[in-house]
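**Student:** To be precise about what I am sending: the file is called my_file.txt and holds compact mmCIF, C-alpha atoms and all ligand atoms.
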```
# COMPACT_ATOMS: atom_id res chain seq x y z
CA MET L 145 38.77 -70.04 -28.01
CA LYS L 146 40.53 -70.52 -24.69
CA LYS L 147 39.99 -73.63 -22.58
CA ILE L 148 36.60 -73.74 -20.86
CA GLY L 149 36.09 -74.78 -17.26
CA LEU L 150 32.82 -76.72 -16.91
CA ILE L 151 31.86 -76.73 -13.25
CA TYR L 152 28.97 -78.85 -11.95
CA SER L 153 28.34 -81.44 -9.28
CA PHE L 154 29.66 -84.84 -10.36
CA ASN L 155 27.02 -86.39 -8.06
CA THR L 156 23.99 -85.07 -9.95
CA LYS L 157 22.26 -87.28 -12.47
CA LYS L 158 20.39 -84.74 -14.56
CA THR L 159 22.94 -81.92 -14.49
CA GLY L 160 25.66 -84.48 -15.18
CA GLN L 161 23.77 -85.76 -18.22
CA MET L 162 23.57 -82.22 -19.58
CA ALA L 163 27.23 -81.64 -18.88
CA ARG L 164 28.14 -84.65 -21.01
CA ARG L 165 26.14 -83.21 -23.89
CA ILE L 166 27.87 -79.87 -23.46
CA VAL L 167 31.30 -81.51 -23.56
CA GLU L 168 30.38 -83.27 -26.80
CA ALA L 169 28.98 -80.12 -28.40
CA MET L 170 31.86 -77.83 -27.39
CA GLY L 171 34.52 -80.46 -28.18
CA PRO L 172 36.17 -82.46 -25.37
CA GLU L 173 39.55 -80.90 -26.20
CA ASN L 174 38.15 -77.44 -25.37
CA ILE L 175 36.79 -78.35 -21.93
CA GLN L 176 38.02 -79.27 -18.50
CA GLU L 177 35.43 -80.62 -16.08
CA VAL L 178 35.62 -79.59 -12.43
CA ASN L 179 33.52 -80.98 -9.58
CA ALA L 180 31.55 -78.18 -7.91
CA GLU L 181 31.46 -80.20 -4.69
CA THR L 182 35.24 -79.87 -4.19
CA LEU L 183 35.74 -76.57 -6.01
CA THR L 184 38.61 -74.28 -4.97
CA GLU L 185 39.15 -70.59 -5.72
CA GLU L 186 42.25 -71.51 -7.74
CA GLN L 187 40.25 -73.87 -9.96
CA PHE L 188 37.57 -71.23 -10.50
CA THR L 189 40.03 -68.50 -11.50
CA THR L 190 42.16 -70.69 -13.79
CA PHE L 191 39.71 -70.26 -16.68
CA ASP L 192 38.70 -67.17 -18.69
CA ASN L 193 35.70 -69.10 -20.06
CA LEU L 194 33.44 -70.84 -17.58
CA ILE L 195 30.23 -72.86 -17.82
CA LEU L 196 28.46 -73.37 -14.50
CA GLY L 197 25.79 -76.02 -13.89
CA VAL L 198 23.37 -74.64 -11.32
CA PRO L 199 20.03 -76.45 -10.79
CA THR L 200 17.42 -74.85 -8.52
CA TRP L 201 16.67 -76.51 -5.19
CA ASN L 202 14.39 -75.85 -2.23
CA ASP L 203 12.00 -73.31 -3.72
CA GLY L 204 14.32 -70.92 -5.48
CA GLU L 205 17.66 -71.66 -3.86
CA LEU L 206 21.16 -72.60 -4.95
CA PRO L 207 22.13 -76.23 -4.36
CA ASN L 208 24.05 -76.71 -1.08
CA TYR L 209 27.37 -77.33 -2.81
CA TRP L 210 27.19 -73.98 -4.65
CA ASP L 211 25.94 -72.20 -1.54
CA GLU L 212 29.06 -73.33 0.27
CA PHE L 213 31.26 -71.71 -2.39
CA VAL L 214 29.50 -68.30 -2.18
CA PRO L 215 31.78 -66.84 0.56
CA ALA L 216 34.85 -67.73 -1.54
CA LEU L 217 33.19 -66.34 -4.65
CA GLU L 218 32.57 -63.04 -2.91
CA ASP L 219 36.34 -62.65 -2.43
CA LEU L 220 37.22 -63.16 -6.09
CA ASN L 221 37.84 -60.62 -8.82
CA LEU L 222 36.15 -62.00 -11.95
CA LYS L 223 36.93 -59.15 -14.33
CA GLY L 224 37.68 -60.54 -17.79
CA LYS L 225 35.93 -63.85 -17.09
CA HIS L 226 33.19 -64.94 -19.49
CA ILE L 227 30.62 -67.02 -17.65
CA ALA L 228 27.67 -69.02 -18.99
CA ILE L 229 25.18 -70.66 -16.64
CA PHE L 230 22.82 -73.57 -17.28
CA GLY L 231 20.35 -74.95 -14.83
CA ALA L 232 17.58 -77.47 -14.48
CA GLY L 233 14.24 -76.48 -13.08
CA ASP L 234 10.59 -77.49 -13.05
CA GLN L 235 8.30 -74.85 -14.61
CA LYS L 236 5.08 -76.65 -13.63
CA GLY L 237 6.05 -77.64 -10.10
CA TYR L 238 7.76 -74.35 -9.22
CA PRO L 239 6.27 -71.73 -11.60
CA GLU L 240 7.11 -68.84 -9.26
CA ASN L 241 10.75 -69.83 -8.86
CA PHE L 242 11.57 -71.37 -12.21
CA VAL L 243 15.36 -71.78 -12.54
CA ASP L 244 15.85 -69.05 -9.91
CA ALA L 245 19.30 -70.40 -9.07
CA VAL L 246 20.55 -69.45 -12.55
CA GLY L 247 19.60 -65.85 -11.77
CA LEU L 248 21.10 -65.99 -8.27
CA MET L 249 24.43 -67.24 -9.58
CA ALA L 250 24.35 -64.72 -12.43
CA GLY L 251 23.99 -61.87 -9.93
CA LEU L 252 26.83 -63.18 -7.77
CA VAL L 253 29.37 -63.45 -10.59
CA GLU L 254 28.31 -60.19 -12.21
CA ASN L 255 28.87 -58.43 -8.88
CA LYS L 256 32.45 -59.62 -9.01
CA GLY L 257 32.98 -58.19 -12.50
CA ALA L 258 32.33 -61.21 -14.75
CA THR L 259 30.71 -60.87 -18.17
CA LEU L 260 27.68 -63.12 -18.55
CA VAL L 261 27.21 -64.87 -21.89
CA GLY L 262 24.74 -67.39 -23.29
CA PHE L 263 21.41 -65.60 -22.80
CA THR L 264 18.45 -67.50 -24.31
CA SER L 265 14.84 -66.72 -25.20
CA THR L 266 12.06 -67.42 -22.67
CA GLU L 267 9.79 -68.43 -25.57
CA GLY L 268 8.54 -72.00 -25.29
CA TYR L 269 8.45 -72.05 -21.48
CA THR L 270 5.38 -71.46 -19.25
CA PHE L 271 6.02 -70.05 -15.77
CA GLU L 272 5.05 -67.10 -13.58
CA SER L 273 8.34 -65.67 -12.42
CA SER L 274 12.03 -66.40 -12.46
CA LEU L 275 15.08 -64.62 -11.05
CA ALA L 276 16.82 -65.74 -14.25
CA LYS L 277 14.48 -63.68 -16.45
CA ARG L 278 15.76 -60.43 -17.91
CA GLY L 279 13.28 -58.90 -20.33
CA ASN L 280 12.32 -61.69 -22.70
CA LYS L 281 15.48 -63.69 -22.03
CA PHE L 282 16.97 -65.99 -19.43
CA CYS L 283 20.47 -64.97 -18.36
CA GLY L 284 21.60 -68.51 -19.19
CA LEU L 285 20.07 -71.78 -20.33
CA ALA L 286 16.96 -73.21 -18.65
CA LEU L 287 16.35 -76.95 -18.93
CA ASP L 288 13.31 -78.81 -17.67
CA PHE L 289 13.58 -82.56 -17.24
CA GLU L 290 10.18 -82.87 -15.59
CA ASN L 291 8.07 -81.23 -18.31
CA GLN L 292 10.15 -80.81 -21.48
CA PRO L 293 12.78 -83.56 -21.50
CA GLY L 294 12.55 -83.87 -25.28
CA LYS L 295 13.76 -80.31 -25.74
CA ASN L 296 16.99 -80.55 -23.77
CA LYS L 297 19.07 -81.93 -26.59
CA GLU L 298 18.22 -79.22 -29.12
CA ARG L 299 18.37 -76.45 -26.49
CA ILE L 300 21.87 -77.51 -25.46
CA ALA L 301 23.05 -77.80 -29.07
CA ALA L 302 21.82 -74.28 -29.92
CA TRP L 303 23.28 -72.86 -26.70
CA CYS L 304 26.70 -74.35 -27.38
CA GLU L 305 26.74 -72.82 -30.86
CA LEU L 306 26.03 -69.43 -29.24
CA LEU L 307 28.80 -69.94 -26.67
CA LYS L 308 31.33 -70.72 -29.40
CA LYS L 309 30.69 -67.18 -30.66
CA GLU L 310 30.58 -65.46 -27.27
CA PHE L 311 33.52 -67.06 -25.47
CA VAL L 312 36.96 -65.50 -25.84
C1 LIG O 401 12.63 -80.10 -3.05
C2 LIG O 401 12.76 -79.58 -4.45
C3 LIG O 401 12.67 -78.22 -4.67
C4 LIG O 401 12.76 -77.69 -5.98
N1 LIG O 401 12.66 -76.35 -6.16
C5 LIG O 401 12.68 -75.85 -7.44
C6 LIG O 401 12.51 -74.46 -7.67
O1 LIG O 401 12.34 -73.64 -6.76
N2 LIG O 401 12.54 -74.02 -8.96
C7 LIG O 401 12.73 -74.86 -10.02
O2 LIG O 401 12.74 -74.40 -11.16
N3 LIG O 401 12.90 -76.20 -9.83
C8 LIG O 401 12.88 -76.71 -8.56
N4 LIG O 401 13.03 -78.06 -8.35
C9 LIG O 401 13.22 -78.95 -9.53
C10 LIG O 401 14.70 -79.29 -9.76
O3 LIG O 401 15.46 -78.15 -10.09
C11 LIG O 401 14.82 -80.27 -10.91
O4 LIG O 401 14.26 -81.49 -10.52
C12 LIG O 401 16.24 -80.47 -11.39
O5 LIG O 401 16.19 -81.30 -12.52
C13 LIG O 401 17.20 -81.03 -10.36
O6 LIG O 401 18.47 -81.17 -10.96
P1 LIG O 401 19.64 -82.05 -10.30
O7 LIG O 401 19.04 -83.41 -10.05
O8 LIG O 401 20.72 -82.10 -11.32
O9 LIG O 401 20.05 -81.36 -9.03
C14 LIG O 401 12.95 -78.57 -7.07
C15 LIG O 401 13.05 -79.96 -6.83
C16 LIG O 401 12.95 -80.46 -5.55
C17 LIG O 401 13.03 -81.95 -5.35
```
Please, can you express the file's structure as structure tokens?
**Tutor:**
Amino acid sequence: MKKIGLIYSFNTKKTGQMARRIVEAMGPENIQEVNAETLTEEQFTTFDNLILGVPTWNDGELPNYWDEFVPALEDLNLKGKHIAIFGAGDQKGYPENFVDAVGLMAGLVENKGATLVGFTSTEGYTFESSLAKRGNKFCGLALDFENQPGKNKERIAAWCELLKKEFV
């Protein structure tokens, strides 16, 4: 497996906590962490395997720091890149927009030719709609600190095992 770029905001508490678990599960030697708040196009395109941490903010939107990178993203060619997305959301508080930002980011990178990996079952979650939902799967990993904090650990562990098979 080639080196993985793990991109998330170093200023987030919850997403940062999950990132640390991901580093442990994938093996620190396999991962380079990159701060999404100071992300450059060069950093993004260095890696063939990418994990993006994208929590949902403001009723179904990308966090500001990812939003700011979207114009740069739209100029990139991501053919050959394998991208997995995880994101925190609140299924009770925002049942109509649960982890929408995972779906928004998925659409953006797919449009630029990337291959999405790390789809997970929607079983075990209760919500009305989500832009991250494709059939009976999320196009990434959904984590819910508000309502299911006890499930994060096992969900991340299972997801990382899947990524070890799907990354190149
Ligand atoms: C103002 C506000 C809006 C939110 N909007 C959504 C939303 O639309 N969908 C969702 O699933 N979660 C939403 N959330 C919940 C956050 O995604 C959740 O708290 C997450 O853990 C934040 O992660 P972070 O602290 O790493 O940024 C919202 C939270 C706040 C405070």
**Student:** Report as a ChimeraX atom specification which protein, DNA and RNA residues come within 8 Å of ligand LIG 401 (chain O), using all atoms listed in the file.
**Tutor:** /L:153,156-160,198-205,207,231-235,237-245,287-290
**Student:** Pick out the closest residue to L:Leu150 from this set: L:Pro293, L:Pro172, L:Gly284, L:Gly197. Count only C-alpha atoms.
**Tutor:**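 Under the stated criterion, the closest residue is L:Gly197.
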**Student:** May I ask which of the residues L:Leu194, L:Ile151, L:Ile166, L:Ile300 is the closest one to L:Leu260, counting only C-alpha atoms?
**Tutor:**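 For L:Leu260, the nearest of the candidates is L:Leu194.
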**Student:** Determine, counting all atoms listed in the file, which protein, DNA and RNA residues have an atom within 6 Å of an atom of stretch 262-264 of chain L; residues of the same chain fewer than 6 positions away are not included. Present the result as a list of chain:residue names.
**Tutor:**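 Once the adjacent positions are removed, what remains is L:Ala228, L:Lys281, L:Phe282, L:Cys283, L:Gly284, L:Leu307.
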**Student:** What does the file look like for those residues with C-alpha atoms, as a PDB file, keeping the file's coordinate frame?
**Tutor:**
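Here's the written file out28.pdb:
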```
ATOM      1  CA  ALA L 228      27.670 -69.020 -18.990  1.00  0.00           C
ATOM      2  CA  LYS L 281      15.480 -63.690 -22.030  1.00  0.00           C
ATOM      3  CA  PHE L 282      16.970 -65.990 -19.430  1.00  0.00           C
ATOM      4  CA  CYS L 283      20.470 -64.970 -18.360  1.00  0.00           C
ATOM      5  CA  GLY L 284      21.600 -68.510 -19.190  1.00  0.00           C
ATOM      6  CA  LEU L 307      28.800 -69.940 -26.670  1.00  0.00           C
TER       7      LEU L 307
END
```
**Student:** Counting all atoms listed in the file, figure out which residue out of L:Val253, L:Leu306, L:Leu206, L:Ala169 gets nearest to L:Gly224.
**Tutor:**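 Using all atoms listed in the file, L:Gly224 sits closest to L:Val253.
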**Student:** For L:Ile148, find every residue with an atom within 12 Å (counting only C-alpha atoms), except residues of its own chain fewer than 5 positions away, and show them as a CSV table (one decimal) with C-alpha atoms, in the coordinates of the input.
**Tutor:**
```csv
chain,number,residue,atom,x,y,z
L,166,ILE,CA,27.9,-79.9,-23.5
L,167,VAL,CA,31.3,-81.5,-23.6
L,170,MET,CA,31.9,-77.8,-27.4
L,171,GLY,CA,34.5,-80.5,-28.2
L,172,PRO,CA,36.2,-82.5,-25.4
L,173,GLU,CA,39.6,-80.9,-26.2
L,174,ASN,CA,38.2,-77.4,-25.4
L,175,ILE,CA,36.8,-78.4,-21.9
L,176,GLN,CA,38.0,-79.3,-18.5
L,177,GLU,CA,35.4,-80.6,-16.1
L,178,VAL,CA,35.6,-79.6,-12.4
L,187,GLN,CA,40.2,-73.9,-10.0
L,188,PHE,CA,37.6,-71.2,-10.5
L,189,THR,CA,40.0,-68.5,-11.5
L,190,THR,CA,42.2,-70.7,-13.8
L,191,PHE,CA,39.7,-70.3,-16.7
L,192,ASP,CA,38.7,-67.2,-18.7
L,193,ASN,CA,35.7,-69.1,-20.1
L,194,LEU,CA,33.4,-70.8,-17.6
L,195,ILE,CA,30.2,-72.9,-17.8
L,196,LEU,CA,28.5,-73.4,-14.5
L,225,LYS,CA,35.9,-63.8,-17.1
L,226,HIS,CA,33.2,-64.9,-19.5
L,227,ILE,CA,30.6,-67.0,-17.6
L,228,ALA,CA,27.7,-69.0,-19.0
L,304,CYS,CA,26.7,-74.4,-27.4
L,307,LEU,CA,28.8,-69.9,-26.7
L,308,LYS,CA,31.3,-70.7,-29.4
L,311,PHE,CA,33.5,-67.1,-25.5
L,312,VAL,CA,37.0,-65.5,-25.8
```
**Student:** One number please: atom CA of L:Arg165 to atom CA of L:Ala301, in Å, one decimal.
**Tutor:**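 According to the coordinates, atom CA of L:Arg165 and atom CA of L:Ala301 are separated by 8.1 Å.
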**Student:** Could you name the residues that touch L:Gly251 at 12 Å or less, counting all atoms listed in the file, but leaving out those on the same chain fewer than 2 positions away, as a list in words?
**Tutor:**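 Those residues are Val214, Leu217, Glu218, Ile227, Ile229, Asp244, Ala245, Val246, Gly247, Leu248, Met249, Val253, Glu254, Asn255, Lys256, Gly257, Ala258, Thr259, Leu260, Leu275, Ala276, Lys277, Arg278, Cys283 and Gly284 of chain L.
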**Student:** Nearest to L:Phe230: which of L:Ala286, L:Met145, L:Val261, L:Ala216 is it, counting all atoms listed in the file?
**Tutor:**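 Looking only at the distances to L:Phe230, the closest residue turns out to be L:Ala286.
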**Student:** Could you check how far atom CA of L:Glu181 sits from atom CA of L:Lys223, in Å to one decimal?
**Tutor:** 23.8 Å
**Student:** For L:Asn179, which residue out of L:Ser274, L:Asn221, L:Gln161, L:Asn155 is the nearest one, using all atoms listed in the file?
**Tutor:**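 Once distances to L:Asn179 are computed over all atoms listed in the file, the minimum belongs to L:Asn155.
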**Student:** Enter the distance from atom CA of L:Asn208 to atom CA of L:Ala250, in Å, rounded to one decimal.
**Tutor:**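 Result for atom CA of L:Asn208 versus atom CA of L:Ala250: 16.5 Å, one decimal.
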**Student:** Looking at L:Lys236, L:Arg164, L:Gly294, L:Leu222, which one is nearest to L:Glu272, with distances taken over all atoms listed in the file?
**Tutor:**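 When distances to L:Glu272 are compared using all atoms listed in the file, the smallest one comes from L:Lys236.
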**Student:** Edge lengths and centre, in Å to one decimal, as JSON: that's what I need for the box along x, y and z that holds all listed atoms of stretch 264-268 of chain L plus 5 Å on each side.
**Tutor:**
```
{"center_x": 13.5, "center_y": -69.4, "center_z": -24.1, "size_x": 19.9, "size_y": 15.3, "size_z": 12.9}
```
